[in-house]
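Note: the block below is work.txt and it holds compact mmCIF, C-alpha atoms and all ligand atoms.
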# COMPACT_ATOMS: atom_id res chain seq x y z
CA MET I 1 54.01 -33.80 20.57
CA ALA I 2 53.45 -34.68 24.19
CA LEU I 3 52.25 -37.71 26.10
CA GLU I 4 48.75 -36.89 27.35
CA ARG I 5 45.85 -38.55 29.14
CA THR I 6 42.20 -38.01 28.25
CA LEU I 7 38.88 -39.26 29.58
CA SER I 8 36.69 -41.34 27.28
CA ILE I 9 33.17 -42.61 27.96
CA ILE I 10 31.42 -45.19 25.80
CA LYS I 11 27.83 -44.01 26.26
CA PRO I 12 24.78 -46.22 27.02
CA ASP I 13 23.75 -46.55 23.35
CA ALA I 14 27.10 -47.99 22.28
CA VAL I 15 27.35 -50.28 25.33
CA ALA I 16 23.84 -51.59 24.47
CA LYS I 17 24.95 -52.17 20.85
CA ASN I 18 27.82 -54.35 22.11
CA VAL I 19 30.53 -52.35 20.33
CA VAL I 20 32.83 -51.71 23.33
CA GLY I 21 35.49 -53.96 21.80
CA GLU I 22 35.18 -52.34 18.36
CA ILE I 23 35.71 -48.92 19.92
CA TYR I 24 38.65 -50.10 22.07
CA SER I 25 40.22 -51.52 18.91
CA ARG I 26 40.10 -48.08 17.30
CA PHE I 27 41.83 -46.53 20.31
CA GLU I 28 44.55 -49.19 20.22
CA LYS I 29 45.11 -48.97 16.45
CA ALA I 30 45.55 -45.19 16.84
CA GLY I 31 48.27 -45.73 19.46
CA LEU I 32 46.15 -44.88 22.51
CA LYS I 33 46.57 -47.13 25.55
CA VAL I 34 43.80 -47.86 28.05
CA VAL I 35 45.42 -47.02 31.42
CA ALA I 36 42.24 -47.17 33.56
CA ALA I 37 38.74 -48.53 32.91
CA LYS I 38 35.45 -49.36 34.59
CA MET I 39 31.84 -50.05 33.69
CA LYS I 40 29.41 -47.97 35.73
CA GLN I 41 25.74 -47.05 35.98
CA LEU I 42 25.92 -43.30 36.64
CA SER I 43 23.60 -41.75 39.18
CA LYS I 44 21.69 -38.60 38.19
CA GLN I 45 23.93 -36.60 40.52
CA GLU I 46 27.12 -38.03 38.97
CA ALA I 47 25.95 -37.29 35.42
CA GLU I 48 24.84 -33.76 36.36
CA GLY I 49 28.19 -33.11 38.01
CA PHE I 50 30.15 -34.47 35.08
CA TYR I 51 28.32 -32.29 32.53
CA ALA I 52 27.92 -29.30 34.90
CA VAL I 53 29.47 -26.99 32.28
CA HIS I 54 26.30 -27.54 30.20
CA ARG I 55 23.76 -27.07 33.02
CA GLU I 56 22.25 -23.89 31.55
CA ARG I 57 21.91 -25.37 28.05
CA PRO I 58 18.46 -26.43 26.76
CA PHE I 59 19.65 -29.99 26.12
CA PHE I 60 21.02 -30.54 29.67
CA GLY I 61 18.05 -32.55 31.00
CA ALA I 62 17.98 -34.81 27.93
CA LEU I 63 21.76 -35.28 28.11
CA VAL I 64 21.66 -36.31 31.79
CA ASN I 65 18.68 -38.64 31.27
CA PHE I 66 20.43 -40.29 28.35
CA MET I 67 23.69 -40.74 30.27
CA ILE I 68 21.86 -42.56 33.10
CA SER I 69 19.74 -44.73 30.78
CA GLY I 70 22.15 -47.67 31.07
CA PRO I 71 25.71 -48.54 32.09
CA VAL I 72 28.61 -46.69 30.51
CA MET I 73 32.22 -47.77 29.98
CA ILE I 74 34.65 -45.18 31.30
CA GLN I 75 38.35 -45.21 30.40
CA VAL I 76 41.50 -43.13 30.59
CA LEU I 77 43.44 -43.13 27.31
CA GLU I 78 47.15 -42.32 27.19
CA GLY I 79 49.26 -41.45 24.18
CA GLU I 80 50.85 -38.71 22.08
CA SER I 81 48.32 -35.86 21.75
CA ALA I 82 45.69 -38.13 23.29
CA VAL I 83 43.07 -35.39 23.74
CA LEU I 84 42.97 -34.35 20.08
CA LYS I 85 43.61 -37.85 18.79
CA ASN I 86 40.55 -39.16 20.66
CA ARG I 87 38.39 -36.25 19.42
CA ASP I 88 39.49 -37.06 15.85
CA LEU I 89 38.58 -40.73 16.31
CA MET I 90 35.16 -39.72 17.73
CA GLY I 91 34.06 -37.38 14.94
CA ALA I 92 31.61 -34.48 15.14
CA THR I 93 29.02 -34.26 17.97
CA ASN I 94 26.14 -34.75 15.51
CA PRO I 95 26.68 -38.03 13.64
CA LYS I 96 25.16 -36.40 10.54
CA ASP I 97 28.24 -34.16 10.44
CA ALA I 98 30.77 -36.83 11.48
CA ALA I 99 33.42 -37.79 8.91
CA ALA I 100 33.28 -41.28 7.43
CA GLY I 101 35.17 -43.84 9.45
CA THR I 102 34.80 -42.02 12.78
CA ILE I 103 33.22 -43.69 15.82
CA ARG I 104 30.17 -41.44 15.71
CA ALA I 105 29.68 -41.89 11.95
CA ASP I 106 29.75 -45.66 12.40
CA PHE I 107 27.94 -46.18 15.74
CA ALA I 108 25.95 -43.05 16.76
CA ASP I 109 22.21 -42.74 16.08
CA SER I 110 21.58 -39.06 16.88
CA ILE I 111 23.09 -35.96 18.51
CA ASP I 112 21.83 -37.32 21.86
CA ALA I 113 22.71 -41.00 21.41
CA ASN I 114 26.16 -40.26 20.02
CA ALA I 115 28.16 -43.24 21.27
CA VAL I 116 31.14 -41.60 22.97
CA HIS I 117 32.37 -38.73 25.10
CA GLY I 118 35.91 -37.37 24.98
CA SER I 119 37.57 -34.57 26.95
CA ASP I 120 37.82 -31.42 24.83
CA SER I 121 41.03 -29.95 26.30
CA LEU I 122 44.04 -31.06 28.33
CA GLU I 123 42.81 -28.97 31.25
CA ASN I 124 39.35 -30.59 31.21
CA ALA I 125 40.91 -34.02 30.72
CA ALA I 126 42.71 -33.74 34.06
CA ILE I 127 39.48 -32.65 35.80
CA GLU I 128 37.43 -35.41 34.15
CA VAL I 129 39.96 -38.18 34.85
CA SER I 130 40.02 -37.26 38.54
CA TYR I 131 36.18 -37.10 38.58
CA PHE I 132 36.04 -40.86 37.98
CA PHE I 133 39.44 -42.31 38.95
CA PRO I 134 41.65 -41.85 42.01
CA ALA I 135 45.30 -41.50 40.92
CA THR I 136 46.05 -44.98 42.26
CA ASP I 137 43.61 -46.52 39.75
CA VAL I 138 45.40 -45.07 36.70
CA TYR I 139 48.28 -47.26 35.54
CA ALA I 140 51.38 -45.87 33.84
CA ARG I 141 52.22 -48.17 30.91
P1 LIG I 201 30.82 -34.92 24.65
O1 LIG I 201 31.06 -33.81 25.65
O2 LIG I 201 29.74 -35.88 25.08
O3 LIG I 201 32.11 -35.60 24.27
O4 LIG I 201 30.29 -34.28 23.28
P2 LIG I 201 30.88 -33.02 22.52
O5 LIG I 201 32.06 -32.45 23.24
O6 LIG I 201 31.08 -33.44 21.10
O7 LIG I 201 29.65 -32.02 22.58
P3 LIG I 201 29.26 -30.97 23.74
O8 LIG I 201 29.05 -29.65 23.10
O9 LIG I 201 30.23 -31.06 24.89
O10 LIG I 201 27.84 -31.52 24.22
C1 LIG I 201 27.72 -32.58 25.13
C2 LIG I 201 26.64 -33.53 24.66
O11 LIG I 201 25.38 -32.86 24.70
C3 LIG I 201 24.59 -33.26 23.61
N1 LIG I 201 24.22 -32.10 22.81
N2 LIG I 201 23.03 -31.92 22.35
N3 LIG I 201 20.74 -30.83 21.04
C4 LIG I 201 21.89 -30.20 20.98
O12 LIG I 201 22.03 -29.15 20.37
C5 LIG I 201 23.04 -30.77 21.65
N4 LIG I 201 24.23 -30.24 21.69
C6 LIG I 201 24.99 -31.10 22.42
C7 LIG I 201 25.38 -34.22 22.78
O13 LIG I 201 24.96 -35.54 23.09
C8 LIG I 201 26.81 -33.98 23.20
O14 LIG I 201 27.59 -35.15 23.07
MG MG I 202 32.01 -32.02 25.28
Go ahead and express the file in the form of structure tokens.
Amino acid sequence: MALERTLSIIKPDAVAKNVVGEIYSRFEKAGLKVVAAKMKQLSKQEAEGFYAVHRERPFFGALVNFMISGPVMIQVLEGESAVLKNRDLMGATNPKDAAAGTIRADFADSIDANAVHGSDSLENAAIEVSYFFPATDVYAR
């Protein structure tokens, strides 16, 4: 087990549903600490850059449009095996496939409006954290 950091985004649908606190509570109960956070309305360019790995996929335009449809809550989570732990808390990409008790099972409406983003590897976590936060805005706790 190793102390890791991962990037989490509470997407526009979940911010609009007013469940930011509910989702933070799940992070905290699982032993993940919020070590950086900000609410932000992403520009089209920022959303396209963030999801650039998916730019050739058929759902890219819909994904970008959804991510800029309202403000998002962006946070860095720190803890033992934080990358995998956050992915477990999130559940499967499509809420129809998400296990009971996961964030997506409880709060997501569809594969597009699926409540949360989480880095999928330690390598991508480092890239994604630095995409949104300068090192001085991430607080060791
Ligand atoms: P995320 O990056 O947002 O944490 O989601 P993920 O790893 O579970 O899924 P990923 O494959 O990275 O896809 C990114 C987002 O694109 C949308 N998507 N739509 N229509 C489709 O087949 C499809 N596949 C993916 C989802 O909103 C997903 O969260
Ligand atoms: Mg992903």
| ligand LIG 201 (chain I): which residues are within 6 Å, counting only C-alpha atoms and all ligand atoms, as a PyMOL selection string? | chain I and resi 59+63+93+111-112+114+117-118
| said: Can you measure CA of Ala98 (chain I) to CA of Ala113 (chain I) for me? One decimal in Å is fine. | reply: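 Rounded to one decimal, the two atoms are 13.5 Å apart.
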| query | Taking only C-alpha atoms and all ligand atoms into account, which residues are within 12 Å of ligand MG 202 (chain I), as a PyMOL selection string? | reply | chain I and resi 7-9+50-54+60+63+83+87+90-94+111-112+114+116-121+124-125+128
| request: Tell me which protein, DNA and RNA residues are within 6 Å of region 68-82 of chain I, counting all atoms listed in the file, leaving out same-chain ones fewer than 5 positions away, and put them as JSON, numbers by chain. | output: {"I": [2, 3, 4, 5, 6, 7, 8, 9, 10, 11, 12, 32, 33, 34, 35, 36, 37, 38, 39, 40, 41, 42]}
| request: Tell me, in Å to one decimal, how far CA of Gln45 (chain I) is from CA of Glu123 (chain I). | output: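 Interatomic distance, CA of Gln45 (chain I) to CA of Glu123 (chain I): 22.4 Å.
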| field | CA of Ala30 (chain I) to CA of Lys85 (chain I), distance in Å rounded to a single decimal | value |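 So the two atoms, CA of Ala30 (chain I) and CA of Lys85 (chain I), lie 7.8 Å apart.
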| request: For each of I:Asp97, I:Val64, I:Ala108, I:Glu56, take the minimum atom-to-atom distance to Val19 (chain I), counting only C-alpha atoms, then give the residue where this is smallest. | output: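 Looking at the shortest contact to Val19 (chain I), the residue is I:Ala108.
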I'd like the box whose edges run along x, y and z of the file and which contains every listed atom of region 49-66 of chain I, padded by 3 Å per side; could you state its centre and edge lengths in Å, one decimal, as AutoDock Vina command-line options?
--center_x 24.1 --center_y -32.1 --center_z 32.1 --size_x 18.2 --size_y 22.4 --size_z 17.9
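Minimum distance to Ala126 (chain I) across I:Val138, I:Ile23, I:Asp109, I:Ala99 (counting only C-alpha atoms) occurs at I:Val138.
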